[in-house]
file coords_21.txt (compact mmCIF, C-alpha atoms)
# COMPACT_ATOMS: atom_id res chain seq x y z
CA MET A 1 -75.26 -39.84 -33.87
CA ARG A 2 -76.86 -42.27 -36.35
CA PHE A 3 -74.35 -44.88 -35.19
CA ILE A 4 -75.02 -44.12 -31.50
CA SER A 5 -78.75 -44.46 -32.10
CA GLU A 6 -78.36 -47.66 -34.16
CA ILE A 7 -76.24 -49.50 -31.58
CA ASP A 8 -79.08 -49.19 -29.04
CA GLN A 9 -80.36 -52.39 -30.65
CA LEU A 10 -77.56 -54.46 -29.12
CA LYS A 11 -79.56 -54.26 -25.87
CA SER A 12 -82.17 -56.49 -27.53
CA VAL A 13 -79.81 -59.20 -28.78
CA LEU A 14 -80.12 -62.12 -26.36
CA ARG A 15 -77.36 -64.58 -25.50
CA GLN A 16 -77.72 -68.15 -24.21
CA THR A 17 -76.28 -67.21 -20.80
CA ARG A 18 -78.76 -66.47 -18.03
CA LEU A 19 -78.24 -63.99 -15.22
CA ALA A 20 -77.55 -65.57 -11.86
CA SER A 21 -77.97 -62.37 -9.89
CA ALA A 22 -81.12 -61.91 -7.88
CA GLY A 23 -81.18 -58.14 -8.29
CA PRO A 24 -79.85 -55.43 -5.98
CA GLY A 25 -78.44 -56.38 -2.60
CA PRO A 26 -79.39 -54.79 0.74
CA GLY A 27 -80.53 -51.20 0.48
CA PRO A 28 -83.49 -49.28 -0.89
CA GLY A 29 -83.01 -50.39 -4.52
CA PRO A 30 -85.90 -51.93 -6.48
CA GLY A 31 -86.30 -55.71 -6.54
CA PRO A 32 -85.35 -57.76 -9.57
CA GLY A 33 -88.75 -57.39 -11.28
CA PRO A 34 -89.09 -58.36 -14.94
CA GLY A 35 -85.38 -57.75 -15.55
CA GLY A 36 -84.31 -59.94 -12.62
CA ARG A 37 -83.01 -63.45 -11.96
CA GLY A 38 -83.03 -66.03 -14.66
CA ARG A 39 -83.58 -63.88 -17.74
CA ARG A 40 -81.16 -64.23 -20.63
CA GLU A 41 -78.23 -61.83 -20.78
CA ASN A 42 -78.13 -59.37 -23.67
CA SER A 43 -75.03 -58.57 -25.68
CA ALA A 44 -74.80 -54.91 -24.54
CA GLU A 45 -74.62 -55.72 -20.83
CA HIS A 46 -72.27 -58.65 -21.61
CA SER A 47 -69.97 -56.18 -23.39
CA TRP A 48 -70.11 -53.85 -20.37
CA HIS A 49 -69.12 -56.72 -18.09
CA LEU A 50 -66.14 -57.58 -20.30
CA ALA A 51 -64.99 -53.94 -20.32
CA MET A 52 -65.12 -53.83 -16.51
CA MET A 53 -63.14 -57.10 -16.45
CA ALA A 54 -60.53 -55.57 -18.78
CA VAL A 55 -60.13 -52.68 -16.32
CA VAL A 56 -59.84 -54.77 -13.14
CA LEU A 57 -57.91 -57.73 -14.60
CA ALA A 58 -55.41 -55.55 -16.49
CA GLU A 59 -52.49 -56.88 -14.44
CA HIS A 60 -53.12 -60.36 -15.90
CA ALA A 61 -52.45 -59.14 -19.45
CA PRO A 62 -48.93 -59.60 -20.86
CA ASP A 63 -46.57 -56.68 -20.17
CA GLY A 64 -47.06 -53.83 -22.60
CA THR A 65 -50.69 -54.67 -23.43
CA ASP A 66 -52.67 -51.48 -24.18
CA ILE A 67 -55.72 -51.91 -21.92
CA GLY A 68 -57.48 -48.93 -23.47
CA ARG A 69 -57.46 -50.77 -26.80
CA VAL A 70 -58.66 -53.98 -25.10
CA THR A 71 -61.54 -52.06 -23.53
CA ALA A 72 -62.59 -50.45 -26.83
CA MET A 73 -62.34 -53.85 -28.53
CA VAL A 74 -64.64 -55.64 -26.08
CA LEU A 75 -67.11 -52.73 -26.12
CA LEU A 76 -67.60 -53.04 -29.88
CA HIS A 77 -66.87 -56.75 -30.51
CA ASP A 78 -70.54 -57.82 -30.52
CA LEU A 79 -72.05 -54.90 -32.50
CA VAL A 80 -72.26 -57.16 -35.56
CA GLU A 81 -74.85 -59.23 -33.66
CA ILE A 82 -77.38 -56.43 -34.27
CA ASP A 83 -77.70 -57.97 -37.76
CA ALA A 84 -76.21 -61.44 -37.31
CA GLY A 85 -77.62 -62.41 -33.90
CA ASP A 86 -75.68 -64.28 -31.24
CA LEU A 87 -74.48 -67.82 -31.93
CA PHE A 88 -74.01 -70.25 -29.03
CA LEU A 89 -70.33 -70.81 -28.22
CA TYR A 90 -70.60 -74.57 -28.80
CA ALA A 91 -72.35 -74.41 -32.19
CA ASP A 92 -70.93 -76.72 -34.88
CA ASP A 93 -68.34 -75.72 -37.52
CA ALA A 94 -70.86 -75.20 -40.34
CA GLN A 95 -72.93 -72.85 -38.14
CA GLN A 96 -69.75 -71.01 -37.09
CA ALA A 97 -68.75 -70.49 -40.74
CA ARG A 98 -72.19 -69.12 -41.68
CA GLN A 99 -72.05 -66.86 -38.62
CA GLU A 100 -68.63 -65.48 -39.58
CA ALA A 101 -69.87 -64.56 -43.05
CA ALA A 102 -72.99 -62.89 -41.60
CA GLU A 103 -70.86 -60.93 -39.11
CA ARG A 104 -68.56 -59.60 -41.84
CA THR A 105 -71.58 -58.37 -43.80
CA ALA A 106 -72.93 -56.79 -40.60
CA ALA A 107 -69.60 -55.07 -39.91
CA ASP A 108 -69.67 -53.61 -43.44
CA ARG A 109 -73.07 -52.05 -42.78
CA ILE A 110 -72.80 -50.97 -39.14
CA PHE A 111 -69.35 -49.34 -39.09
CA ALA A 112 -70.25 -47.49 -42.31
CA LEU A 113 -72.75 -45.44 -40.26
CA LEU A 114 -69.74 -43.58 -38.80
CA PRO A 115 -67.74 -40.80 -40.48
CA GLN A 116 -65.21 -42.40 -42.85
CA ASP A 117 -62.05 -42.17 -40.69
CA GLN A 118 -63.83 -43.48 -37.58
CA ALA A 119 -65.52 -46.22 -39.61
CA ALA A 120 -62.08 -47.39 -40.74
CA SER A 121 -60.48 -47.28 -37.29
CA LEU A 122 -63.33 -49.07 -35.49
CA ARG A 123 -63.53 -51.67 -38.25
CA ARG A 124 -59.78 -52.28 -37.88
CA LEU A 125 -60.29 -52.80 -34.15
CA TRP A 126 -63.09 -55.30 -34.82
CA ASP A 127 -60.96 -57.14 -37.41
CA GLU A 128 -58.10 -57.23 -34.90
CA PHE A 129 -60.38 -58.85 -32.30
CA GLU A 130 -61.55 -61.44 -34.82
CA GLU A 131 -58.04 -62.27 -36.11
CA ARG A 132 -56.61 -62.75 -32.59
CA ARG A 133 -53.04 -61.94 -33.54
CA THR A 134 -52.13 -59.05 -31.18
CA PRO A 135 -51.74 -59.35 -27.37
CA GLU A 136 -54.72 -56.98 -27.01
CA ALA A 137 -56.96 -59.18 -29.17
CA ARG A 138 -55.83 -62.37 -27.41
CA PHE A 139 -56.49 -60.91 -23.98
CA ALA A 140 -59.89 -59.58 -25.10
CA ARG A 141 -60.88 -62.96 -26.57
CA GLY A 142 -59.80 -64.66 -23.35
CA LEU A 143 -62.08 -62.38 -21.30
CA ASP A 144 -64.93 -63.15 -23.70
CA ARG A 145 -64.46 -66.88 -22.93
CA LEU A 146 -64.00 -66.42 -19.18
CA GLN A 147 -67.12 -64.33 -18.49
CA PRO A 148 -69.72 -67.02 -19.39
CA MET A 149 -67.75 -69.58 -17.35
CA LEU A 150 -68.06 -67.34 -14.29
CA ALA A 151 -71.77 -66.89 -15.02
CA ASN A 152 -72.34 -70.66 -15.35
CA LEU A 153 -70.52 -71.36 -12.11
CA LYS A 154 -72.62 -68.74 -10.33
CA ALA A 155 -75.84 -70.04 -11.88
CA GLY A 156 -75.17 -73.58 -10.63
CA GLY A 157 -74.34 -74.99 -14.07
CA GLY A 158 -76.18 -72.61 -16.42
CA THR A 159 -75.72 -73.32 -20.14
CA TRP A 160 -73.38 -76.24 -19.36
CA GLN A 161 -76.31 -78.14 -17.87
CA GLU A 162 -78.89 -76.73 -20.26
CA HIS A 163 -76.97 -77.89 -23.34
CA GLY A 164 -75.23 -80.94 -21.84
CA ILE A 165 -71.74 -79.52 -22.27
CA THR A 166 -68.87 -81.64 -20.86
CA ALA A 167 -65.57 -80.60 -19.26
CA ASP A 168 -63.47 -81.49 -22.33
CA GLN A 169 -65.51 -79.07 -24.42
CA VAL A 170 -65.04 -76.32 -21.86
CA LEU A 171 -61.30 -77.04 -21.61
CA ALA A 172 -60.97 -76.51 -25.37
CA LYS A 173 -62.25 -72.95 -24.76
CA VAL A 174 -59.87 -72.54 -21.80
CA GLU A 175 -56.99 -72.79 -24.29
CA LEU A 176 -58.16 -69.47 -25.73
CA ILE A 177 -58.04 -67.92 -22.27
CA GLU A 178 -54.50 -69.27 -21.69
CA ASP A 179 -53.47 -67.87 -25.04
CA GLY A 180 -54.46 -64.37 -23.86
CA SER A 181 -53.29 -64.65 -20.25
CA PRO A 182 -51.41 -67.59 -18.68
CA SER A 183 -52.57 -66.65 -15.17
CA LEU A 184 -56.25 -66.34 -16.15
CA GLY A 185 -55.87 -69.61 -18.05
CA ARG A 186 -54.70 -71.34 -14.87
CA TYR A 187 -57.61 -69.78 -12.99
CA ALA A 188 -60.08 -71.04 -15.60
CA ARG A 189 -58.60 -74.56 -15.63
CA ASN A 190 -59.02 -74.65 -11.87
CA LEU A 191 -62.57 -73.35 -12.18
CA VAL A 192 -63.45 -76.22 -14.53
CA ALA A 193 -62.01 -78.78 -12.09
CA ASN A 194 -64.03 -77.26 -9.25
CA ALA A 195 -67.19 -77.21 -11.36
CA VAL A 196 -66.75 -80.92 -12.15
CA ALA A 197 -66.03 -81.72 -8.48
CA ALA A 198 -69.17 -79.82 -7.46
CA GLY A 199 -71.30 -81.71 -9.98
CA LEU A 200 -72.09 -78.55 -11.98
CA LEU A 201 -70.29 -79.77 -15.11
CA ALA A 202 -70.17 -83.32 -16.46
CA PRO A 203 -66.65 -84.78 -16.73
CA ALA A 204 -65.25 -85.53 -20.19
CA ALA A 205 -67.28 -88.44 -21.50
CA GLY A 206 -65.26 -90.32 -24.19
CA GLY A 207 -66.54 -88.78 -27.44
CA ALA A 208 -69.81 -87.49 -26.00
CA GLY A 209 -71.01 -84.47 -27.96
CA PRO A 210 -73.51 -81.74 -27.03
CA GLY A 211 -76.74 -83.22 -25.86
CA GLU A 212 -75.14 -86.32 -24.37
CA GLY A 213 -73.57 -84.83 -21.27
CA THR A 214 -75.52 -84.38 -18.07
CA ARG A 215 -78.89 -85.07 -19.69
CA MET B 1 -63.23 -62.18 -8.95
CA ARG B 2 -65.64 -61.44 -6.08
CA PHE B 3 -65.99 -57.91 -7.46
CA ILE B 4 -66.53 -59.20 -11.02
CA SER B 5 -69.21 -61.56 -9.77
CA GLU B 6 -70.87 -58.90 -7.58
CA ILE B 7 -71.19 -56.30 -10.33
CA ASP B 8 -73.32 -58.72 -12.37
CA GLN B 9 -76.21 -57.29 -10.33
CA LEU B 10 -76.03 -53.95 -12.17
CA LYS B 11 -77.81 -55.75 -15.04
CA SER B 12 -80.89 -55.94 -12.78
CA VAL B 13 -81.00 -52.25 -11.77
CA LEU B 14 -83.71 -50.63 -13.87
CA ARG B 15 -83.73 -47.01 -15.03
CA GLN B 16 -86.73 -44.88 -15.98
CA THR B 17 -85.68 -44.74 -19.65
CA ARG B 18 -87.31 -47.23 -21.99
CA LEU B 19 -85.68 -48.80 -25.04
CA ALA B 20 -86.91 -47.44 -28.32
CA SER B 21 -85.27 -50.10 -30.44
CA ALA B 22 -87.45 -52.80 -31.92
CA GLY B 23 -84.71 -55.43 -31.78
CA PRO B 24 -82.26 -56.52 -34.49
CA GLY B 25 -82.56 -55.04 -37.97
CA PRO B 26 -82.62 -57.05 -41.20
CA GLY B 27 -80.81 -60.36 -41.03
CA PRO B 28 -81.25 -63.71 -39.33
CA GLY B 29 -81.12 -62.37 -35.78
CA PRO B 30 -83.83 -63.19 -33.25
CA GLY B 31 -86.80 -60.85 -32.82
CA PRO B 32 -87.09 -58.53 -29.83
CA GLY B 33 -88.79 -61.14 -27.62
CA PRO B 34 -89.14 -60.46 -23.89
CA GLY B 35 -86.05 -58.21 -23.97
CA GLY B 36 -87.38 -56.08 -26.82
CA ARG B 37 -89.14 -52.77 -27.44
CA GLY B 38 -90.47 -50.81 -24.59
CA ARG B 39 -88.81 -52.49 -21.64
CA ARG B 40 -86.91 -50.30 -19.19
CA GLU B 41 -83.17 -49.89 -19.71
CA ASN B 42 -80.85 -51.34 -17.07
CA SER B 43 -77.82 -49.54 -15.69
CA ALA B 44 -75.26 -52.01 -17.10
CA GLU B 45 -76.36 -51.58 -20.72
CA HIS B 46 -76.72 -47.81 -20.15
CA SER B 47 -73.08 -47.77 -18.97
CA TRP B 48 -72.04 -49.72 -22.08
CA HIS B 49 -73.82 -47.18 -24.29
CA LEU B 50 -72.01 -44.30 -22.56
CA ALA B 51 -68.64 -46.01 -23.01
CA MET B 52 -69.31 -46.47 -26.74
CA MET B 53 -70.29 -42.78 -26.89
CA ALA B 54 -67.02 -41.82 -25.18
CA VAL B 55 -65.12 -43.72 -27.88
CA VAL B 56 -66.97 -42.30 -30.90
CA LEU B 57 -67.51 -38.75 -29.57
CA ALA B 58 -63.92 -38.36 -28.30
CA GLU B 59 -63.24 -35.49 -30.73
CA HIS B 60 -65.89 -33.41 -28.92
CA ALA B 61 -63.96 -33.52 -25.65
CA PRO B 62 -61.64 -30.58 -24.85
CA ASP B 63 -58.06 -30.98 -26.15
CA GLY B 64 -55.95 -33.15 -23.88
CA THR B 65 -58.88 -35.10 -22.37
CA ASP B 66 -57.82 -38.67 -21.55
CA ILE B 67 -60.60 -40.72 -23.20
CA GLY B 68 -59.40 -43.94 -21.60
CA ARG B 69 -60.13 -42.40 -18.20
CA VAL B 70 -63.52 -41.13 -19.41
CA THR B 71 -64.38 -44.64 -20.61
CA ALA B 72 -63.38 -46.27 -17.30
CA MET B 73 -65.35 -43.59 -15.42
CA VAL B 74 -68.61 -44.16 -17.31
CA LEU B 75 -68.20 -47.95 -17.06
CA LEU B 76 -68.12 -47.81 -13.25
CA HIS B 77 -70.14 -44.65 -12.49
CA ASP B 78 -73.39 -46.52 -11.77
CA LEU B 79 -72.01 -49.48 -9.76
CA VAL B 80 -73.25 -47.83 -6.56
CA GLU B 81 -76.81 -48.36 -7.85
CA ILE B 82 -76.43 -52.07 -7.00
CA ASP B 83 -77.15 -50.98 -3.41
CA ALA B 84 -78.67 -47.51 -3.85
CA GLY B 85 -80.91 -48.10 -6.88
CA ASP B 86 -81.39 -45.61 -9.70
CA LEU B 87 -82.96 -42.23 -9.00
CA PHE B 88 -84.87 -40.42 -11.74
CA LEU B 89 -82.91 -37.48 -13.14
CA TYR B 90 -85.67 -35.00 -12.24
CA ALA B 91 -86.15 -36.09 -8.62
CA ASP B 92 -86.37 -33.26 -6.06
CA ASP B 93 -83.45 -31.91 -4.00
CA ALA B 94 -84.30 -33.86 -0.83
CA GLN B 95 -84.41 -37.14 -2.78
CA GLN B 96 -81.13 -36.25 -4.50
CA ALA B 97 -79.45 -35.62 -1.14
CA ARG B 98 -80.65 -38.96 0.28
CA GLN B 99 -79.47 -40.68 -2.90
CA GLU B 100 -76.00 -39.13 -2.64
CA ALA B 101 -75.58 -40.41 0.92
CA ALA B 102 -76.77 -43.90 -0.08
CA GLU B 103 -74.38 -43.92 -3.03
CA ARG B 104 -71.38 -43.03 -0.86
CA THR B 105 -72.22 -45.90 1.51
CA ALA B 106 -72.56 -48.19 -1.51
CA ALA B 107 -69.19 -47.07 -2.88
CA ASP B 108 -67.57 -47.89 0.47
CA ARG B 109 -68.90 -51.45 0.30
CA ILE B 110 -68.58 -52.27 -3.40
CA PHE B 111 -65.08 -50.96 -4.17
CA ALA B 112 -63.81 -52.66 -0.98
CA LEU B 113 -64.41 -56.02 -2.70
CA LEU B 114 -61.29 -55.27 -4.80
CA PRO B 115 -57.66 -55.66 -3.70
CA GLN B 116 -56.66 -52.58 -1.70
CA ASP B 117 -54.72 -50.65 -4.38
CA GLN B 118 -57.41 -51.23 -7.02
CA ALA B 119 -60.15 -50.37 -4.54
CA ALA B 120 -58.47 -47.02 -3.94
CA SER B 121 -57.89 -46.20 -7.61
CA LEU B 122 -61.39 -47.13 -8.75
CA ARG B 123 -62.92 -45.26 -5.83
CA ARG B 124 -60.87 -42.17 -6.80
CA LEU B 125 -62.23 -42.46 -10.33
CA TRP B 126 -65.80 -42.66 -9.00
CA ASP B 127 -65.22 -39.66 -6.69
CA GLU B 128 -63.76 -37.76 -9.65
CA PHE B 129 -66.91 -38.42 -11.69
CA GLU B 130 -69.12 -37.27 -8.83
CA GLU B 131 -67.11 -34.10 -8.11
CA ARG B 132 -67.09 -33.01 -11.79
CA ARG B 133 -63.92 -30.97 -11.53
CA THR B 134 -61.64 -32.51 -14.21
CA PRO B 135 -62.23 -32.29 -17.99
CA GLU B 136 -62.65 -36.09 -18.01
CA ALA B 137 -65.37 -36.00 -15.34
CA ARG B 138 -67.18 -33.10 -17.02
CA PHE B 139 -67.17 -34.82 -20.39
CA ALA B 140 -68.33 -38.11 -18.79
CA ARG B 141 -71.17 -36.34 -16.94
CA GLY B 142 -72.20 -34.62 -20.16
CA LEU B 143 -72.48 -37.98 -21.95
CA ASP B 144 -74.57 -39.29 -19.03
CA ARG B 145 -77.03 -36.43 -19.62
CA LEU B 146 -77.05 -36.68 -23.41
CA GLN B 147 -77.79 -40.42 -23.69
CA PRO B 148 -81.33 -40.33 -22.17
CA MET B 149 -82.17 -37.28 -24.33
CA LEU B 150 -81.30 -39.28 -27.45
CA ALA B 151 -83.38 -42.19 -26.11
CA ASN B 152 -86.40 -39.94 -25.43
CA LEU B 153 -86.22 -38.39 -28.88
CA LYS B 154 -86.08 -41.85 -30.46
CA ALA B 155 -88.94 -43.11 -28.28
CA GLY B 156 -91.22 -40.25 -29.38
CA GLY B 157 -91.03 -38.45 -26.03
CA GLY B 158 -90.22 -41.23 -23.56
CA THR B 159 -89.76 -40.14 -19.95
CA TRP B 160 -90.39 -36.47 -20.90
CA GLN B 161 -93.98 -37.37 -21.74
CA GLU B 162 -94.33 -40.00 -19.04
CA HIS B 163 -93.31 -37.59 -16.26
CA GLY B 164 -94.55 -34.33 -17.81
CA ILE B 165 -91.09 -32.82 -18.08
CA THR B 166 -90.89 -29.40 -19.80
CA ALA B 167 -88.20 -27.88 -22.02
CA ASP B 168 -86.87 -25.56 -19.31
CA GLN B 169 -86.17 -28.55 -17.07
CA VAL B 170 -84.33 -30.32 -19.87
CA LEU B 171 -82.35 -27.16 -20.71
CA ALA B 172 -81.10 -27.03 -17.12
CA LYS B 173 -79.53 -30.47 -17.75
CA VAL B 174 -78.14 -29.29 -21.08
CA GLU B 175 -75.93 -26.88 -19.12
CA LEU B 176 -74.10 -29.93 -17.75
CA ILE B 177 -73.52 -31.17 -21.28
CA GLU B 178 -72.19 -27.74 -22.37
CA ASP B 179 -69.89 -27.76 -19.36
CA GLY B 180 -68.30 -31.00 -20.61
CA SER B 181 -68.31 -30.21 -24.32
CA PRO B 182 -69.40 -26.95 -25.98
CA SER B 183 -70.11 -28.68 -29.30
CA LEU B 184 -72.23 -31.45 -27.72
CA GLY B 185 -73.98 -28.75 -25.69
CA ARG B 186 -74.97 -26.94 -28.89
CA TYR B 187 -76.15 -30.24 -30.34
CA ALA B 188 -78.28 -30.93 -27.25
CA ARG B 189 -79.79 -27.43 -27.24
CA ASN B 190 -80.78 -27.93 -30.86
CA LEU B 191 -82.21 -31.35 -30.02
CA VAL B 192 -84.46 -29.78 -27.35
CA ALA B 193 -85.70 -27.14 -29.82
CA ASN B 194 -86.48 -29.87 -32.37
CA ALA B 195 -88.25 -31.99 -29.74
CA VAL B 196 -90.45 -29.03 -28.80
CA ALA B 197 -91.17 -28.22 -32.47
CA ALA B 198 -92.12 -31.86 -33.07
CA GLY B 199 -94.49 -31.87 -30.09
CA LEU B 200 -92.43 -34.49 -28.21
CA LEU B 201 -91.53 -32.13 -25.36
CA ALA B 202 -93.74 -29.46 -23.77
CA PRO B 203 -92.34 -25.91 -24.03
CA ALA B 204 -91.32 -24.13 -20.84
CA ALA B 205 -94.57 -23.45 -18.98
CA GLY B 206 -94.04 -20.51 -16.59
CA GLY B 207 -93.26 -22.25 -13.30
CA ALA B 208 -94.85 -25.57 -14.23
CA GLY B 209 -93.20 -28.39 -12.33
CA PRO B 210 -93.12 -32.11 -13.00
CA GLY B 211 -96.58 -33.49 -13.56
CA GLU B 212 -97.94 -30.36 -15.18
CA GLY B 213 -96.28 -30.57 -18.58
CA THR B 214 -97.85 -32.43 -21.44
CA ARG B 215 -100.38 -34.24 -19.26
call {"tool": "encode", "arguments": {"input": "coords_21.txt", "output": "structure tokens"}}
result
Amino acid sequence: MRFISEIDQLKSVLRQTRLASAGPGPGPGPGPGPGGRGRRENSAEHSWHLAMMAVVLAEHAPDGTDIGRVTAMVLLHDLVEIDAGDLFLYADDAQQARQEAAERTAADRIFALLPQDQAASLRRLWDEFEERRTPEARFARGLDRLQPMLANLKAGGGTWQEHGITADQVLAKVELIEDGSPSLGRYARNLVANAVAAGLLAPAAGGAGPGEGTR
Amino acid sequence: MRFISEIDQLKSVLRQTRLASAGPGPGPGPGPGPGGRGRRENSAEHSWHLAMMAVVLAEHAPDGTDIGRVTAMVLLHDLVEIDAGDLFLYADDAQQARQEAAERTAADRIFALLPQDQAASLRRLWDEFEERRTPEARFARGLDRLQPMLANLKAGGGTWQEHGITADQVLAKVELIEDGSPSLGRYARNLVANAVAAGLLAPAAGGAGPGEGTR
């Protein structure tokens, strides 16, 4: 119960990605209000979205993939951000290295809130996600790359535009999706081409780094 | 993919429950900001919390319960709120009946966005949750009742105080938790007693309805 109470904080960890949705559709539901269009996504609802994707995209995982383990993995993969915060996907190598160290320290603290046997099994699942060696981990990591691409497309460019990301940078992330699922990889590659054609994503600009893309 | 894009809207459906967490703990993470303490919880992050609870509280489910099915059930149980909105747990019978009709209409529309075989299997899972006949559905429904109780306790009273809910009303919901898991039911009953003792929840006031509790 201490663990269940502690993880509530993931709902307050904000990601770069913004919500494209304008709130509930037709029907008597409340309007978007303060939680509506344009606000930044938090890591708890991002994790929920990935878990739903694992359920409905299961057929795109390699034969024999244990989707229950994929789902559990994506549900807990961001818990370390309660201490370490979220780092933007396109941060530089030095920032990524600092983040990895901070996340390991966070995993030590957060999983230790569970009874010993559960602490060990959930920590193993988190390590598995990070190490990306099993089919489950590769598929889960692929979903984690695909979800913000879908969000950016829906938001008319989203963080690609905001941070001046170019197609070659996105395609480097698509390799991770292909590694987890060839069919989702093809889908993502196609999505990038469409985004460039639609003017939502700048084409690869010879050597242009973040900040030099569409801005 | 249309379904995956559509369900993004669940992140904008607001519940009565407010977050108690003050944002990330020690470490370099960002402060609570606009997504921090006190804002209302949305149904996507609520569903994530339930799925994490299913994983870590699995041992409290009756022997033979398929936790993978419980997890999938809690992940999708609130999707209908994209059209129907969230109804407060202590709404009256007439409101509950209207809500149930709206949710069935919503289920017809939302699950139909999936390929036919998936639409049918996810709809069956949603119906199973609603009908509360299988051990998986009973356990899932119990978690759905327990989570806001934990949130209210953490928030120093939360919606109990806000809506003048009394202990007898909460204990009626505890029966649903007991039905899914005797051990979690005992835990919840104890939680109610502690909340009353701590002055966070008004004791049963002979016949007092909503609005006449602590206010």
call {"tool": "closest_residue", "arguments": {"input": "coords_21.txt", "among": "A:Asp83, A:Glu59, A:Arg39, A:Arg2", "to": "chain B", "atoms": "all atoms listed in the file"}}
result
A:Asp83
call {"tool": "residues_near_point", "arguments": {"input": "coords_21.txt", "point": "(-71.5, -56.8, -18.2)", "cutoff": "6 Å", "atoms": "all atoms listed in the file", "output": "count of residues only"}}
result
6
call {"tool": "closest_residue", "arguments": {"input": "coords_21.txt", "among": "B:Ala140, B:Ala193, B:Ala155, B:Ala61", "to": "chain A", "atoms": "only C-alpha atoms"}}
result
B:Ala155
call {"tool": "atom_distance", "arguments": {"input": "coords_21.txt", "atom1": "atom CA of B:Glu162", "atom2": "atom CA of B:Gln16"}}
result
9.5 Å
call {"tool": "residues_around", "arguments": {"input": "coords_21.txt", "residues": "stretch 199-203 of chain A", "least_positions_apart": "5", "cutoff": "8 Å", "atoms": "only C-alpha atoms", "output": "list of chain:residue names"}}
result
A:Leu153, A:Gly156, A:Gly157, A:Trp160, A:Gln161, A:Gly164, A:Ile165, A:Thr166, A:Ala167, A:Asp168, A:Val192, A:Gly213, A:Thr214
call {"tool": "residues_around", "arguments": {"input": "coords_21.txt", "residues": "B:Leu19", "least_positions_apart": "6", "cutoff": "7 Å", "atoms": "all atoms listed in the file", "output": "MDAnalysis selection string"}}
result
chainID B and resid 37:41
call {"tool": "closest_residue", "arguments": {"input": "coords_21.txt", "among": "A:Val196, A:Leu89, A:Leu176, A:Ala204", "to": "A:His163", "atoms": "all atoms listed in the file"}}
result
A:Leu89
call {"tool": "residues_around", "arguments": {"input": "coords_21.txt", "residues": "A:Arg98", "least_positions_apart": "5", "cutoff": "10 Å", "atoms": "only C-alpha atoms", "output": "PyMOL selection string"}}
result
chain A and resi 84+93+103
call {"tool": "atom_distance", "arguments": {"input": "coords_21.txt", "atom1": "atom CA of A:Arg138", "atom2": "atom CA of A:Leu125"}}
result
12.5 Å
call {"tool": "residues_around", "arguments": {"input": "coords_21.txt", "residues": "A:Gly68", "least_positions_apart": "3", "cutoff": "8 Å", "atoms": "only C-alpha atoms", "output": "ChimeraX atom specification"}}
result
/A:71-72 /B:68
call {"tool": "write_last_selection", "arguments": {"input": "coords_21.txt", "atoms": "C-alpha atoms", "output": "PDB file, in the frame of the given file"}}
result
ATOM      1  CA  THR A  71     -61.540 -52.060 -23.530  1.00  0.00           C
ATOM      2  CA  ALA A  72     -62.590 -50.450 -26.830  1.00  0.00           C
TER       3      ALA A  72
ATOM      4  CA  GLY B  68     -59.400 -43.940 -21.600  1.00  0.00           C
TER       5      GLY B  68
END
call {"tool": "closest_residue", "arguments": {"input": "coords_21.txt", "among": "A:Ala137, A:Leu191, A:Ala151, A:Leu143", "to": "chain B", "atoms": "all atoms listed in the file"}}
result
A:Ala151
call {"tool": "closest_residue", "arguments": {"input": "coords_21.txt", "among": "B:Arg123, B:Ala188, B:Glu178, B:Ser5", "to": "A:Met149", "atoms": "all atoms listed in the file"}}
result
B:Ser5
call {"tool": "atom_distance", "arguments": {"input": "coords_21.txt", "atom1": "atom CA of A:Asn152", "atom2": "atom CA of A:Leu57"}}
result
19.4 Å
call {"tool": "closest_residue", "arguments": {"input": "coords_21.txt", "among": "A:Pro135, A:Gly142, A:Gly85, A:Gly64", "to": "A:Leu184", "atoms": "all atoms listed in the file"}}
result
A:Gly142
call {"tool": "residues_near_point", "arguments": {"input": "coords_21.txt", "point": "(-67.5, -47.2, -28.2)", "cutoff": "7 Å", "atoms": "all atoms listed in the file", "output": "PyMOL selection string"}}
result
(chain A and resi 72+75-76) or (chain B and resi 51-56)
call {"tool": "axis_aligned_box", "arguments": {"input": "coords_21.txt", "around": "stretch 147-154 of chain A", "padding_each_side": "3 Å", "output": "AutoDock Vina command-line options"}}
result
--center_x -69.9 --center_y -67.8 --center_z -14.9 --size_x 11.5 --size_y 13.0 --size_z 15.1
call {"tool": "residues_around", "arguments": {"input": "coords_21.txt", "residues": "B:Leu122", "least_positions_apart": "4", "cutoff": "10 Å", "atoms": "only C-alpha atoms", "output": "PyMOL selection string"}}
result
(chain A and resi 55-56) or (chain B and resi 72-73+76-77+107+111-112+114+117-118+126-128)
